[in-house]
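Novice: One structure is given below, represented as structure tokens, and several questions about it will come after.
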Amino acid sequence: MGSGIKPADALVAAFIEDTDGVFTAQYDALPMAEQRRIYDAYWQRYHAPHPAGVSVETVMVPAGNGARRALLYRPAGAGAASLPVVVYFHGGGWMLGSPESHDLATARICAGAGVAVLSVDYRLSPEHVFPDALMDCLAAVTWVAREGREQGLDPARLAVAGDSAGANLAAGLCLWIRDHGGPSIRLQALIYPALSVGVAPGSSGGVSAAAMSHYVTSYFGGQSLAGNAYAMPLSAKSFAGLPPAFIATAEMDPIRPHGEMLAERLRHAGIPCDYTCGSGLPHTYLRLVHLSPAAAGELARCCDAIRAALAVQ
């Protein structure tokens with residue numbers, strides 16, 4: 001981003017240097033298994049234990065002809081209460097990551113918002129291309145709507161959320177449900193969302209024009225999808241009829257304009273939208289929520305928006 005933008009603090013600066021040093025053109029050229037091995041080692045450097053009292057279990061969500069694994073988090077003191085729920089889709093360029101790789105953020109959303117969080121292990125590219133991941137996300141929210149009460153979840157208080165590629169899936173899912181029908185979504189919480197193929201100059205948090213091209217090419221799998229709203233939500237012709245939104249971007253993120261433009265278009269369509277931009281923060285700042293006050297503050301804003309949308313007391 002612009003040369004006048006500085007990291008929030010020395011820790012953030014070191015994180016940017018570390019992340020940009022991992023996710024290079026050389027990294028993108030590695031075999032997929034090696035990319036994922038390095039990615040797993042990378043996120044584990046920034047991992048931390050759950051907040052006190054948060055519990056987690058593995059559940060299997062029916063999807064297509066099989067099932068997808070998901071992690072279901074519950075906040076401390078939940079008891080037998082019917083919990084509002086956030087269905088969460090992790091980032092990783094549609095080709096990396098898992099519920100475990102984003103456990104740092106999902107456990108803290110669970111604790112901070114006082115909600116259950118269902119983090120979905122959707123299918124990844126290049127083995128699976130669009131719309132496979134999106135259909136897994138649809139299966140997850142459909143499962144909550146149909147069977148959530150048996151799991152102690154309240155389908156009437158349902159939100160979707162995600163970061164980066166996961167935020168893309170959340171936004172695309174809301175468009176899909178609007179157009180084709182599906183569960184009622186009270187909020188779409190999108191954290192540094194990737195919503196278009198365009199990228200501003202620069203590199204931060206492992207995101208650059210070259211990296212975005214690498215991820216998009218894999219996700220599209222040879223399909224022409226830049227104008228498909230379910231794949232790239234900023235290409236939608238209308239934003240009317242969508243759920244209210246919370247959108248968080250990062251000042252140092254080359255895809256910051258994606259979230260800015262979506263917020264503007266949602267508001268123009270009459271959709272309530274809270275927008276925040278993390279000063280001095282890069283893409284993937286969720287990895288620093290236990291270390292950086294600036295990152296923790298942005299996550300707290302997201303939790304507040306979820307609490308308000310899902311009427312958490």
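Following the order of the structure tokens, chains are lettered A, B, ..., residues in each are numbered from 1, and ligands are numbered from 1.
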Near region 115-131 of chain A, within 8 Å and counting only C-alpha atoms, which residues show up once chain neighbours fewer than 4 positions away are dropped, as a ChimeraX atom specification?

Specialist: /A:68-75,83-90,94-96,98-99,106-107,109-111,135-137,140,153,218-221,231,307,312

Novice: Residues of region 18-158 of chain A in strand (DSSP E or B) according to DSSP, as a ChimeraX atom specification?

Specialist: /A:55-63,66-74,83-89,116-120,153-158

Novice: Would you mind listing what lies within 6 Å of Ala194 (chain A) as a VMD selection string, with only C-alpha atoms counted and same-chain residues fewer than 5 positions away left out?

Specialist: chain A and resid 164 to 165 168

Novice: Could you turn the residues from that selection into a file that holds N, CA and C atoms, as a PDB file, in the first residue's frame?

Specialist:
ATOM      1  N   SER A 164     -10.661 -13.511   4.385  1.00  0.00           N
ATOM      2  CA  SER A 164      -9.981 -13.640   3.104  1.00  0.00           C
ATOM      3  C   SER A 164     -10.799 -14.506   2.140  1.00  0.00           C
ATOM      4  N   ALA A 165     -10.268 -15.649   1.695  1.00  0.00           N
ATOM      5  CA  ALA A 165     -11.043 -16.523   0.817  1.00  0.00           C
ATOM      6  C   ALA A 165     -12.299 -17.035   1.504  1.00  0.00           C
ATOM      7  N   ASN A 168     -14.870 -14.460   1.134  1.00  0.00           N
ATOM      8  CA  ASN A 168     -15.408 -14.589  -0.223  1.00  0.00           C
ATOM      9  C   ASN A 168     -16.526 -15.630  -0.250  1.00  0.00           C
TER      10      ASN A 168
END

Novice: Need the shell around Ala300 (chain A): protein/DNA/RNA residues with any atom at most 9 Å away, counting only C-alpha atoms. Skip same-chain ones fewer than 3 positions apart. Format as a list in words?

Specialist: Ile109, Gly112, Ala113, Ala295, Ala296, Gly297, Cys303, Asp304 and Ala305 of chain A

Novice: Set the distance at 10 Å and use only C-alpha atoms: which residues neighbour Leu266 (chain A) once local chain neighbours fewer than 2 positions away are removed? I'd like the list as a PyMOL selection string.

Specialist: chain A and resi 238-245+261-264+268-273

Novice: For the residues selected in the previous step, produce a file with all heavy atoms as a compact mmCIF listing (two decimals), in the first residue's frame.

Specialist:
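Result saved to part10.txt:
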# COMPACT_ATOMS: atom_id res chain seq x y z
N SER A 238 -26.64 -6.71 -8.54
CA SER A 238 -27.47 -6.10 -7.51
C SER A 238 -27.05 -6.62 -6.15
O SER A 238 -26.71 -7.80 -6.00
CB SER A 238 -28.95 -6.41 -7.75
OG SER A 238 -29.74 -6.01 -6.64
N PHE A 239 -27.08 -5.73 -5.17
CA PHE A 239 -26.77 -6.11 -3.79
C PHE A 239 -28.00 -5.98 -2.89
O PHE A 239 -27.88 -6.09 -1.67
CB PHE A 239 -25.60 -5.27 -3.27
CG PHE A 239 -24.32 -5.55 -4.00
CD1 PHE A 239 -24.00 -4.86 -5.16
CD2 PHE A 239 -23.46 -6.53 -3.57
CE1 PHE A 239 -22.84 -5.13 -5.87
CE2 PHE A 239 -22.28 -6.82 -4.27
CZ PHE A 239 -21.98 -6.12 -5.41
N ALA A 240 -29.15 -5.78 -3.50
CA ALA A 240 -30.39 -5.69 -2.75
C ALA A 240 -30.75 -7.05 -2.18
O ALA A 240 -30.41 -8.10 -2.75
CB ALA A 240 -31.51 -5.18 -3.65
N GLY A 241 -31.45 -7.05 -1.05
CA GLY A 241 -31.96 -8.28 -0.48
C GLY A 241 -30.96 -9.14 0.25
O GLY A 241 -31.27 -10.29 0.59
N LEU A 242 -29.77 -8.62 0.50
CA LEU A 242 -28.74 -9.39 1.20
C LEU A 242 -28.82 -9.14 2.71
O LEU A 242 -29.39 -8.14 3.16
CB LEU A 242 -27.36 -9.00 0.69
CG LEU A 242 -27.03 -9.49 -0.72
CD1 LEU A 242 -25.75 -8.84 -1.23
CD2 LEU A 242 -26.91 -11.01 -0.76
N PRO A 243 -28.23 -10.02 3.52
CA PRO A 243 -28.22 -9.80 4.97
C PRO A 243 -27.38 -8.57 5.34
O PRO A 243 -26.48 -8.17 4.58
CB PRO A 243 -27.58 -11.07 5.52
CG PRO A 243 -27.62 -12.07 4.42
CD PRO A 243 -27.58 -11.29 3.15
N PRO A 244 -27.66 -7.96 6.49
CA PRO A 244 -26.76 -6.92 7.00
C PRO A 244 -25.33 -7.45 7.08
O PRO A 244 -25.11 -8.67 7.18
CB PRO A 244 -27.32 -6.63 8.40
CG PRO A 244 -28.76 -7.04 8.32
CD PRO A 244 -28.78 -8.23 7.38
N ALA A 245 -24.38 -6.53 7.04
CA ALA A 245 -22.98 -6.93 6.97
C ALA A 245 -22.12 -6.21 8.00
O ALA A 245 -22.41 -5.07 8.38
CB ALA A 245 -22.42 -6.69 5.57
N MET A 261 -15.31 -1.35 -1.35
CA MET A 261 -16.31 -1.27 -2.42
C MET A 261 -17.58 -2.02 -2.05
O MET A 261 -18.69 -1.56 -2.35
CB MET A 261 -15.71 -1.80 -3.73
CG MET A 261 -14.72 -0.85 -4.36
SD MET A 261 -14.19 -1.39 -6.02
CE MET A 261 -12.95 -2.61 -5.57
N LEU A 262 -17.43 -3.18 -1.41
CA LEU A 262 -18.63 -3.93 -1.04
C LEU A 262 -19.45 -3.14 -0.02
O LEU A 262 -20.68 -3.07 -0.13
CB LEU A 262 -18.27 -5.29 -0.47
CG LEU A 262 -19.48 -6.14 -0.07
CD1 LEU A 262 -20.40 -6.41 -1.25
CD2 LEU A 262 -19.03 -7.46 0.57
N ALA A 263 -18.79 -2.53 0.96
CA ALA A 263 -19.52 -1.73 1.95
C ALA A 263 -20.30 -0.61 1.26
O ALA A 263 -21.48 -0.36 1.58
CB ALA A 263 -18.55 -1.16 2.98
N GLU A 264 -19.65 0.06 0.31
CA GLU A 264 -20.32 1.15 -0.41
C GLU A 264 -21.53 0.65 -1.19
O GLU A 264 -22.60 1.27 -1.18
CB GLU A 264 -19.32 1.82 -1.35
CG GLU A 264 -19.90 2.95 -2.17
CD GLU A 264 -18.88 3.56 -3.13
OE1 GLU A 264 -17.68 3.24 -3.01
OE2 GLU A 264 -19.30 4.35 -3.99
N HIS A 268 -25.48 1.50 -0.63
CA HIS A 268 -26.23 2.08 -1.74
C HIS A 268 -27.51 1.29 -2.00
O HIS A 268 -28.54 1.86 -2.43
CB HIS A 268 -25.36 2.12 -2.99
CG HIS A 268 -26.02 2.77 -4.17
ND1 HIS A 268 -26.20 4.14 -4.26
CD2 HIS A 268 -26.56 2.25 -5.31
CE1 HIS A 268 -26.83 4.42 -5.39
NE2 HIS A 268 -27.05 3.29 -6.04
N ALA A 269 -27.46 -0.03 -1.74
CA ALA A 269 -28.63 -0.89 -1.94
C ALA A 269 -29.55 -0.89 -0.73
O ALA A 269 -30.56 -1.61 -0.72
CB ALA A 269 -28.17 -2.31 -2.24
N GLY A 270 -29.21 -0.12 0.30
CA GLY A 270 -30.05 -0.04 1.48
C GLY A 270 -29.81 -1.12 2.51
O GLY A 270 -30.62 -1.32 3.41
N ILE A 271 -28.68 -1.82 2.41
CA ILE A 271 -28.35 -2.90 3.34
C ILE A 271 -27.50 -2.32 4.49
O ILE A 271 -26.46 -1.72 4.23
CB ILE A 271 -27.56 -4.03 2.65
CG1 ILE A 271 -28.31 -4.53 1.40
CG2 ILE A 271 -27.28 -5.16 3.62
CD1 ILE A 271 -29.68 -5.07 1.68
N PRO A 272 -27.91 -2.49 5.73
CA PRO A 272 -27.08 -2.02 6.85
C PRO A 272 -25.69 -2.65 6.80
O PRO A 272 -25.57 -3.87 6.62
CB PRO A 272 -27.85 -2.47 8.09
CG PRO A 272 -29.27 -2.65 7.62
CD PRO A 272 -29.16 -3.13 6.20
N CYS A 273 -24.68 -1.83 6.96
CA CYS A 273 -23.30 -2.34 6.88
C CYS A 273 -22.39 -1.54 7.80
O CYS A 273 -22.24 -0.33 7.62
CB CYS A 273 -22.80 -2.26 5.44
SG CYS A 273 -21.10 -2.85 5.23

Novice: What is the distance between CA of Ala52 (chain A) and CA of Gly280 (chain A), in Å to one decimal?

Specialist: 29.1 Å
